[in-house]
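Visitor: Input: one structure, supplied below.
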Amino acid sequence: MTGGIDEQRAKTALLFREAQGPGLTIEMSLNKIYHSTRSEFQQIDVINTYFGKTLVTDGKTQSAQFDEFAYHESLVHPALLNFAHNNNGNGPKTVLIGGGGELATAREVLRYPSVEKCIMVDLDEKVIEVSLEHLEEWGGREVMKDPRFELVVGDAYSWILECKDKFDCVIMDISDPIEAGPGIMLYTKELYEHVVTVMSPNGVFVTQAGIADSVPAPYATGGERDTTCFGPIRNTLAEVFSSVLPYTQNIPSFGTDWGFVMAYNNSPDGCGAEEWKKMIPQTIDNLVEEHISGGEASFKTYDGITHQRMFHLTKTVRKQLAEDDRIMTKDQPIFMY
């Protein structure tokens, strides 16, 4: 009789479903709903699933307790350490974050004692409020207490266009470029052209860049039907910066490898894209020990060996990128699935 009851429980269990691509949906148990609300811009949910506590906006997983560190360490540290390496060993002092509502990107930035000012510009104040209340494990409350941190609630696109300050690193931790989403303008050539004007010499830009499966799905090689943005973001940045480096990290809660792209205009004696990509592990480990409070032991995923894996893409991804020539502009945006 017990087996029958368990069967019925399984049939009536709540499920969380997330579309990954045309014809592909990931499904898992929905163990708990901590919070559900709608802001002016998007639906915001905090739930508990197979991946633990999870922030979901407009039905898309943004950050999960199980692996958020893999995403945030990968987004932040290659760029900031590159700046230090190319700046005579001097770490970044000023950092701008576009987006980053759960505050974990700022958490990683503030690991650097060299950072004097970290400004985060996020459009949706409700995401920040929800994260502070329900995602305490992400460390947002400590971020808000740090005197180096400044929060601006507003449109990052407009803010950057009006900005007169200079930043050593600019990080885009923004929503995917989905149709009608709040972040689409932050992936355009026009925005990247202006970003250059707010960056200091040796400044480094980095952005999250969406799905980057090690074996691209069929829809990712579908010409005009292609709804991946890893290639277009790389291509668009290459229109503006001399050194552009696409890289990936596996994020299990996203159901895929995830893409990032960092870019900078290297000086004649600076480290170019190929050199940074092939940097020996010990050099990366030394940079981590020199520039980050707690050193390598404070990281859960990033180190010199992981750095090499992240920047050496699979043959299938390299082929996909080589065949993709799309550029993202205000008049010709590209929307992710």
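Chain identifiers are assigned as A, B, and so on, following the order in which chains appear in the structure tokens; residues are numbered from 1 within each chain, and ligands are numbered from 1 in order of appearance.
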Please produce, as a tab-separated table, a per-residue contact table for region 151-214 of chain A versus region 311-325 of chain A (criterion: any atom at most 10 Å away, only C-alpha atoms considered), showing the nearest atom pair and its distance in Å to one decimal, sorted by chain then residue number.

Guide:
```
residue	atom	partner	partner_atom	distance
A:Ala212	CA	A:Val317	CA	7.5
A:Asp213	CA	A:Val317	CA	7.5
A:Ser214	CA	A:Thr314	CA	5.9
```

Visitor: Assign secondary structure with DSSP using the backbone only, and return the residues of region 50-257 of chain A in strand (DSSP E) as a PDB file with N, CA, C and O atoms, in the first residue's frame.

Guide:
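Okay, selection_38.pdb is ready:
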```pdb
ATOM      1  N   GLY A  52      18.699  23.750  -4.995  1.00  0.00           N
ATOM      2  CA  GLY A  52      18.597  24.573  -3.802  1.00  0.00           C
ATOM      3  C   GLY A  52      17.837  25.861  -4.076  1.00  0.00           C
ATOM      4  O   GLY A  52      17.049  25.974  -5.021  1.00  0.00           O
ATOM      5  N   LYS A  53      18.064  26.841  -3.232  1.00  0.00           N
ATOM      6  CA  LYS A  53      17.387  28.126  -3.379  1.00  0.00           C
ATOM      7  C   LYS A  53      17.774  28.753  -4.722  1.00  0.00           C
ATOM      8  O   LYS A  53      18.951  28.790  -5.096  1.00  0.00           O
ATOM      9  N   THR A  54      16.783  29.259  -5.453  1.00  0.00           N
ATOM     10  CA  THR A  54      17.008  29.711  -6.826  1.00  0.00           C
ATOM     11  C   THR A  54      16.227  30.984  -7.115  1.00  0.00           C
ATOM     12  O   THR A  54      15.038  31.073  -6.804  1.00  0.00           O
ATOM     13  N   LEU A  55      16.905  31.954  -7.734  1.00  0.00           N
ATOM     14  CA  LEU A  55      16.250  33.175  -8.210  1.00  0.00           C
ATOM     15  C   LEU A  55      15.850  32.979  -9.661  1.00  0.00           C
ATOM     16  O   LEU A  55      16.680  32.620 -10.507  1.00  0.00           O
ATOM     17  N   VAL A  56      14.563  33.229  -9.950  1.00  0.00           N
ATOM     18  CA  VAL A  56      14.034  33.058 -11.303  1.00  0.00           C
ATOM     19  C   VAL A  56      13.349  34.355 -11.716  1.00  0.00           C
ATOM     20  O   VAL A  56      12.553  34.908 -10.950  1.00  0.00           O
ATOM     21  N   THR A  57      13.674  34.867 -12.902  1.00  0.00           N
ATOM     22  CA  THR A  57      12.964  36.035 -13.420  1.00  0.00           C
ATOM     23  C   THR A  57      12.390  35.700 -14.791  1.00  0.00           C
ATOM     24  O   THR A  57      13.081  35.127 -15.633  1.00  0.00           O
ATOM     25  N   LYS A  60      13.124  32.280 -16.149  1.00  0.00           N
ATOM     26  CA  LYS A  60      14.496  31.874 -16.437  1.00  0.00           C
ATOM     27  C   LYS A  60      15.335  31.895 -15.164  1.00  0.00           C
ATOM     28  O   LYS A  60      15.349  32.892 -14.436  1.00  0.00           O
ATOM     29  N   THR A  61      16.042  30.814 -14.903  1.00  0.00           N
ATOM     30  CA  THR A  61      16.935  30.750 -13.746  1.00  0.00           C
ATOM     31  C   THR A  61      18.036  31.786 -13.879  1.00  0.00           C
ATOM     32  O   THR A  61      18.729  31.851 -14.900  1.00  0.00           O
ATOM     33  N   GLN A  62      18.200  32.595 -12.837  1.00  0.00           N
ATOM     34  CA  GLN A  62      19.239  33.614 -12.813  1.00  0.00           C
ATOM     35  C   GLN A  62      20.409  33.232 -11.904  1.00  0.00           C
ATOM     36  O   GLN A  62      21.554  33.589 -12.176  1.00  0.00           O
ATOM     37  N   SER A  63      20.111  32.536 -10.823  1.00  0.00           N
ATOM     38  CA  SER A  63      21.148  32.252  -9.843  1.00  0.00           C
ATOM     39  C   SER A  63      20.646  31.176  -8.896  1.00  0.00           C
ATOM     40  O   SER A  63      19.532  31.296  -8.371  1.00  0.00           O
ATOM     41  N   ALA A  64      21.449  30.134  -8.673  1.00  0.00           N
ATOM     42  CA  ALA A  64      21.054  29.045  -7.786  1.00  0.00           C
ATOM     43  C   ALA A  64      22.135  28.816  -6.737  1.00  0.00           C
ATOM     44  O   ALA A  64      23.334  28.906  -7.031  1.00  0.00           O
ATOM     45  N   THR A  94      38.557  51.116  -9.591  1.00  0.00           N
ATOM     46  CA  THR A  94      37.172  51.513  -9.853  1.00  0.00           C
ATOM     47  C   THR A  94      36.507  50.489 -10.752  1.00  0.00           C
ATOM     48  O   THR A  94      37.049  50.119 -11.801  1.00  0.00           O
ATOM     49  N   VAL A  95      35.324  50.032 -10.349  1.00  0.00           N
ATOM     50  CA  VAL A  95      34.611  48.991 -11.092  1.00  0.00           C
ATOM     51  C   VAL A  95      33.151  49.396 -11.234  1.00  0.00           C
ATOM     52  O   VAL A  95      32.512  49.818 -10.258  1.00  0.00           O
ATOM     53  N   LEU A  96      32.625  49.255 -12.435  1.00  0.00           N
ATOM     54  CA  LEU A  96      31.210  49.497 -12.714  1.00  0.00           C
ATOM     55  C   LEU A  96      30.533  48.179 -13.035  1.00  0.00           C
ATOM     56  O   LEU A  96      31.027  47.399 -13.850  1.00  0.00           O
ATOM     57  N   ILE A  97      29.403  47.929 -12.386  1.00  0.00           N
ATOM     58  CA  ILE A  97      28.599  46.735 -12.669  1.00  0.00           C
ATOM     59  C   ILE A  97      27.265  47.180 -13.237  1.00  0.00           C
ATOM     60  O   ILE A  97      26.551  47.981 -12.617  1.00  0.00           O
ATOM     61  N   GLY A  98      26.930  46.675 -14.413  1.00  0.00           N
ATOM     62  CA  GLY A  98      25.593  46.873 -14.955  1.00  0.00           C
ATOM     63  C   GLY A  98      24.758  45.657 -14.613  1.00  0.00           C
ATOM     64  O   GLY A  98      25.142  44.525 -14.903  1.00  0.00           O
ATOM     65  N   GLY A  99      23.625  45.860 -13.947  1.00  0.00           N
ATOM     66  CA  GLY A  99      22.822  44.736 -13.471  1.00  0.00           C
ATOM     67  C   GLY A  99      23.362  44.234 -12.150  1.00  0.00           C
ATOM     68  O   GLY A  99      23.786  45.001 -11.293  1.00  0.00           O
ATOM     69  N   LYS A 117      36.189  51.940  -5.275  1.00  0.00           N
ATOM     70  CA  LYS A 117      34.793  52.274  -5.572  1.00  0.00           C
ATOM     71  C   LYS A 117      34.205  51.234  -6.506  1.00  0.00           C
ATOM     72  O   LYS A 117      34.787  50.915  -7.545  1.00  0.00           O
ATOM     73  N   CYS A 118      33.057  50.686  -6.116  1.00  0.00           N
ATOM     74  CA  CYS A 118      32.313  49.734  -6.946  1.00  0.00           C
ATOM     75  C   CYS A 118      30.892  50.266  -7.068  1.00  0.00           C
ATOM     76  O   CYS A 118      30.149  50.307  -6.084  1.00  0.00           O
ATOM     77  N   ILE A 119      30.533  50.680  -8.264  1.00  0.00           N
ATOM     78  CA  ILE A 119      29.193  51.210  -8.515  1.00  0.00           C
ATOM     79  C   ILE A 119      28.375  50.153  -9.251  1.00  0.00           C
ATOM     80  O   ILE A 119      28.818  49.615 -10.269  1.00  0.00           O
ATOM     81  N   MET A 120      27.204  49.849  -8.745  1.00  0.00           N
ATOM     82  CA  MET A 120      26.302  48.900  -9.394  1.00  0.00           C
ATOM     83  C   MET A 120      25.041  49.629  -9.816  1.00  0.00           C
ATOM     84  O   MET A 120      24.390  50.285  -8.998  1.00  0.00           O
ATOM     85  N   VAL A 121      24.708  49.538 -11.104  1.00  0.00           N
ATOM     86  CA  VAL A 121      23.526  50.197 -11.654  1.00  0.00           C
ATOM     87  C   VAL A 121      22.556  49.123 -12.118  1.00  0.00           C
ATOM     88  O   VAL A 121      22.827  48.392 -13.073  1.00  0.00           O
ATOM     89  N   ASP A 122      21.430  49.007 -11.432  1.00  0.00           N
ATOM     90  CA  ASP A 122      20.435  47.993 -11.766  1.00  0.00           C
ATOM     91  C   ASP A 122      19.071  48.648 -11.893  1.00  0.00           C
ATOM     92  O   ASP A 122      18.690  49.473 -11.063  1.00  0.00           O
ATOM     93  N   PHE A 149      31.010  50.389  -1.763  1.00  0.00           N
ATOM     94  CA  PHE A 149      29.935  50.014  -2.675  1.00  0.00           C
ATOM     95  C   PHE A 149      28.898  51.129  -2.778  1.00  0.00           C
ATOM     96  O   PHE A 149      28.479  51.702  -1.776  1.00  0.00           O
ATOM     97  N   GLU A 150      28.499  51.401  -4.022  1.00  0.00           N
ATOM     98  CA  GLU A 150      27.457  52.394  -4.273  1.00  0.00           C
ATOM     99  C   GLU A 150      26.393  51.781  -5.190  1.00  0.00           C
ATOM    100  O   GLU A 150      26.716  51.281  -6.271  1.00  0.00           O
ATOM    101  N   LEU A 151      25.155  51.836  -4.757  1.00  0.00           N
ATOM    102  CA  LEU A 151      24.036  51.308  -5.539  1.00  0.00           C
ATOM    103  C   LEU A 151      23.297  52.442  -6.220  1.00  0.00           C
ATOM    104  O   LEU A 151      22.931  53.431  -5.582  1.00  0.00           O
ATOM    105  N   VAL A 152      23.100  52.277  -7.523  1.00  0.00           N
ATOM    106  CA  VAL A 152      22.282  53.217  -8.298  1.00  0.00           C
ATOM    107  C   VAL A 152      21.119  52.428  -8.889  1.00  0.00           C
ATOM    108  O   VAL A 152      21.337  51.459  -9.624  1.00  0.00           O
ATOM    109  N   VAL A 153      19.908  52.812  -8.557  1.00  0.00           N
ATOM    110  CA  VAL A 153      18.732  52.178  -9.156  1.00  0.00           C
ATOM    111  C   VAL A 153      18.365  52.987 -10.392  1.00  0.00           C
ATOM    112  O   VAL A 153      17.979  54.158 -10.295  1.00  0.00           O
ATOM    113  N   PHE A 167      36.452  53.974 -15.402  1.00  0.00           N
ATOM    114  CA  PHE A 167      36.470  52.738 -14.632  1.00  0.00           C
ATOM    115  C   PHE A 167      37.554  51.807 -15.165  1.00  0.00           C
ATOM    116  O   PHE A 167      37.758  51.696 -16.371  1.00  0.00           O
ATOM    117  N   ASP A 168      38.202  51.119 -14.218  1.00  0.00           N
ATOM    118  CA  ASP A 168      39.222  50.145 -14.618  1.00  0.00           C
ATOM    119  C   ASP A 168      38.592  48.889 -15.197  1.00  0.00           C
ATOM    120  O   ASP A 168      39.169  48.249 -16.074  1.00  0.00           O
ATOM    121  N   CYS A 169      37.423  48.529 -14.682  1.00  0.00           N
ATOM    122  CA  CYS A 169      36.710  47.356 -15.192  1.00  0.00           C
ATOM    123  C   CYS A 169      35.219  47.661 -15.260  1.00  0.00           C
ATOM    124  O   CYS A 169      34.674  48.302 -14.354  1.00  0.00           O
ATOM    125  N   VAL A 170      34.600  47.204 -16.330  1.00  0.00           N
ATOM    126  CA  VAL A 170      33.153  47.325 -16.513  1.00  0.00           C
ATOM    127  C   VAL A 170      32.597  45.924 -16.699  1.00  0.00           C
ATOM    128  O   VAL A 170      33.042  45.183 -17.584  1.00  0.00           O
ATOM    129  N   ILE A 171      31.639  45.560 -15.856  1.00  0.00           N
ATOM    130  CA  ILE A 171      31.079  44.210 -15.842  1.00  0.00           C
ATOM    131  C   ILE A 171      29.588  44.278 -16.139  1.00  0.00           C
ATOM    132  O   ILE A 171      28.858  45.003 -15.466  1.00  0.00           O
ATOM    133  N   MET A 172      29.137  43.528 -17.138  1.00  0.00           N
ATOM    134  CA  MET A 172      27.715  43.468 -17.457  1.00  0.00           C
ATOM    135  C   MET A 172      27.135  42.129 -16.991  1.00  0.00           C
ATOM    136  O   MET A 172      27.345  41.090 -17.610  1.00  0.00           O
ATOM    137  N   ASP A 173      26.434  42.198 -15.862  1.00  0.00           N
ATOM    138  CA  ASP A 173      25.751  41.022 -15.300  1.00  0.00           C
ATOM    139  C   ASP A 173      24.255  41.274 -15.454  1.00  0.00           C
ATOM    140  O   ASP A 173      23.546  41.535 -14.486  1.00  0.00           O
ATOM    141  N   MET A 199      36.214  53.926 -19.866  1.00  0.00           N
ATOM    142  CA  MET A 199      37.219  52.991 -19.367  1.00  0.00           C
ATOM    143  C   MET A 199      38.581  53.662 -19.285  1.00  0.00           C
ATOM    144  O   MET A 199      38.964  54.442 -20.158  1.00  0.00           O
ATOM    145  N   SER A 200      39.305  53.344 -18.227  1.00  0.00           N
ATOM    146  CA  SER A 200      40.655  53.859 -18.046  1.00  0.00           C
ATOM    147  C   SER A 200      41.613  53.122 -18.981  1.00  0.00           C
ATOM    148  O   SER A 200      41.262  52.095 -19.557  1.00  0.00           O
ATOM    149  N   PRO A 201      42.857  53.650 -19.147  1.00  0.00           N
ATOM    150  CA  PRO A 201      43.849  52.892 -19.915  1.00  0.00           C
ATOM    151  C   PRO A 201      44.021  51.497 -19.300  1.00  0.00           C
ATOM    152  O   PRO A 201      44.026  51.343 -18.076  1.00  0.00           O
ATOM    153  N   ASN A 202      44.120  50.483 -20.147  1.00  0.00           N
ATOM    154  CA  ASN A 202      44.194  49.072 -19.732  1.00  0.00           C
ATOM    155  C   ASN A 202      42.879  48.559 -19.149  1.00  0.00           C
ATOM    156  O   ASN A 202      42.827  47.460 -18.591  1.00  0.00           O
ATOM    157  N   GLY A 203      41.815  49.361 -19.270  1.00  0.00           N
ATOM    158  CA  GLY A 203      40.517  48.940 -18.752  1.00  0.00           C
ATOM    159  C   GLY A 203      40.010  47.688 -19.446  1.00  0.00           C
ATOM    160  O   GLY A 203      40.302  47.439 -20.625  1.00  0.00           O
ATOM    161  N   VAL A 204      39.227  46.891 -18.711  1.00  0.00           N
ATOM    162  CA  VAL A 204      38.723  45.617 -19.228  1.00  0.00           C
ATOM    163  C   VAL A 204      37.205  45.595 -19.091  1.00  0.00           C
ATOM    164  O   VAL A 204      36.651  45.978 -18.055  1.00  0.00           O
ATOM    165  N   PHE A 205      36.551  45.139 -20.146  1.00  0.00           N
ATOM    166  CA  PHE A 205      35.101  44.966 -20.179  1.00  0.00           C
ATOM    167  C   PHE A 205      34.791  43.479 -20.202  1.00  0.00           C
ATOM    168  O   PHE A 205      35.488  42.704 -20.863  1.00  0.00           O
ATOM    169  N   VAL A 206      33.722  43.070 -19.510  1.00  0.00           N
ATOM    170  CA  VAL A 206      33.287  41.669 -19.576  1.00  0.00           C
ATOM    171  C   VAL A 206      31.769  41.617 -19.465  1.00  0.00           C
ATOM    172  O   VAL A 206      31.158  42.416 -18.755  1.00  0.00           O
ATOM    173  N   THR A 207      31.184  40.686 -20.185  1.00  0.00           N
ATOM    174  CA  THR A 207      29.733  40.505 -20.145  1.00  0.00           C
ATOM    175  C   THR A 207      29.381  39.025 -20.137  1.00  0.00           C
ATOM    176  O   THR A 207      30.123  38.197 -20.694  1.00  0.00           O
ATOM    177  N   GLN A 208      28.284  38.691 -19.496  1.00  0.00           N
ATOM    178  CA  GLN A 208      27.729  37.350 -19.679  1.00  0.00           C
ATOM    179  C   GLN A 208      27.180  37.287 -21.099  1.00  0.00           C
ATOM    180  O   GLN A 208      26.766  38.293 -21.663  1.00  0.00           O
ATOM    181  N   ALA A 209      27.193  36.095 -21.696  1.00  0.00           N
ATOM    182  CA  ALA A 209      26.874  36.005 -23.120  1.00  0.00           C
ATOM    183  C   ALA A 209      25.969  34.831 -23.477  1.00  0.00           C
ATOM    184  O   ALA A 209      25.932  34.399 -24.627  1.00  0.00           O
ATOM    185  N   GLY A 210      25.258  34.303 -22.491  1.00  0.00           N
ATOM    186  CA  GLY A 210      24.230  33.326 -22.798  1.00  0.00           C
ATOM    187  C   GLY A 210      24.730  31.918 -23.033  1.00  0.00           C
ATOM    188  O   GLY A 210      25.873  31.557 -22.744  1.00  0.00           O
ATOM    189  N   ILE A 211      23.846  31.088 -23.592  1.00  0.00           N
ATOM    190  CA  ILE A 211      24.115  29.665 -23.809  1.00  0.00           C
ATOM    191  C   ILE A 211      25.333  29.472 -24.719  1.00  0.00           C
ATOM    192  O   ILE A 211      25.467  30.137 -25.741  1.00  0.00           O
ATOM    193  N   SER A 243      41.254  43.346 -28.489  1.00  0.00           N
ATOM    194  CA  SER A 243      41.394  42.009 -27.906  1.00  0.00           C
ATOM    195  C   SER A 243      40.041  41.545 -27.382  1.00  0.00           C
ATOM    196  O   SER A 243      39.446  42.212 -26.523  1.00  0.00           O
ATOM    197  N   VAL A 244      39.551  40.426 -27.896  1.00  0.00           N
ATOM    198  CA  VAL A 244      38.246  39.893 -27.495  1.00  0.00           C
ATOM    199  C   VAL A 244      38.416  38.405 -27.198  1.00  0.00           C
ATOM    200  O   VAL A 244      38.940  37.655 -28.020  1.00  0.00           O
ATOM    201  N   LEU A 245      37.956  38.001 -26.017  1.00  0.00           N
ATOM    202  CA  LEU A 245      38.149  36.620 -25.578  1.00  0.00           C
ATOM    203  C   LEU A 245      36.831  35.997 -25.137  1.00  0.00           C
ATOM    204  O   LEU A 245      36.314  36.303 -24.059  1.00  0.00           O
ATOM    205  N   PRO A 246      36.270  35.105 -25.944  1.00  0.00           N
ATOM    206  CA  PRO A 246      35.104  34.333 -25.493  1.00  0.00           C
ATOM    207  C   PRO A 246      35.559  33.170 -24.619  1.00  0.00           C
ATOM    208  O   PRO A 246      36.604  32.563 -24.878  1.00  0.00           O
ATOM    209  N   TYR A 247      34.790  32.873 -23.589  1.00  0.00           N
ATOM    210  CA  TYR A 247      35.123  31.729 -22.741  1.00  0.00           C
ATOM    211  C   TYR A 247      33.846  31.172 -22.135  1.00  0.00           C
ATOM    212  O   TYR A 247      32.779  31.799 -22.218  1.00  0.00           O
ATOM    213  N   THR A 248      33.942  29.985 -21.555  1.00  0.00           N
ATOM    214  CA  THR A 248      32.743  29.314 -21.050  1.00  0.00           C
ATOM    215  C   THR A 248      32.990  28.696 -19.679  1.00  0.00           C
ATOM    216  O   THR A 248      34.125  28.462 -19.278  1.00  0.00           O
ATOM    217  N   GLN A 249      31.884  28.436 -18.995  1.00  0.00           N
ATOM    218  CA  GLN A 249      31.905  27.709 -17.725  1.00  0.00           C
ATOM    219  C   GLN A 249      30.627  26.892 -17.644  1.00  0.00           C
ATOM    220  O   GLN A 249      29.556  27.375 -18.038  1.00  0.00           O
ATOM    221  N   ASN A 250      30.737  25.689 -17.134  1.00  0.00           N
ATOM    222  CA  ASN A 250      29.533  24.882 -16.961  1.00  0.00           C
ATOM    223  C   ASN A 250      28.760  25.361 -15.739  1.00  0.00           C
ATOM    224  O   ASN A 250      29.319  25.472 -14.651  1.00  0.00           O
ATOM    225  N   ILE A 251      27.482  25.662 -15.932  1.00  0.00           N
ATOM    226  CA  ILE A 251      26.600  26.087 -14.853  1.00  0.00           C
ATOM    227  C   ILE A 251      25.437  25.090 -14.820  1.00  0.00           C
ATOM    228  O   ILE A 251      24.471  25.215 -15.585  1.00  0.00           O
ATOM    229  N   THR A 256      23.360  23.980 -18.987  1.00  0.00           N
ATOM    230  CA  THR A 256      24.223  24.157 -20.149  1.00  0.00           C
ATOM    231  C   THR A 256      25.554  24.769 -19.733  1.00  0.00           C
ATOM    232  O   THR A 256      25.706  25.256 -18.609  1.00  0.00           O
ATOM    233  N   ASP A 257      26.516  24.754 -20.655  1.00  0.00           N
ATOM    234  CA  ASP A 257      27.690  25.607 -20.510  1.00  0.00           C
ATOM    235  C   ASP A 257      27.245  27.039 -20.787  1.00  0.00           C
ATOM    236  O   ASP A 257      26.384  27.281 -21.643  1.00  0.00           O
TER     237      ASP A 257
END
```
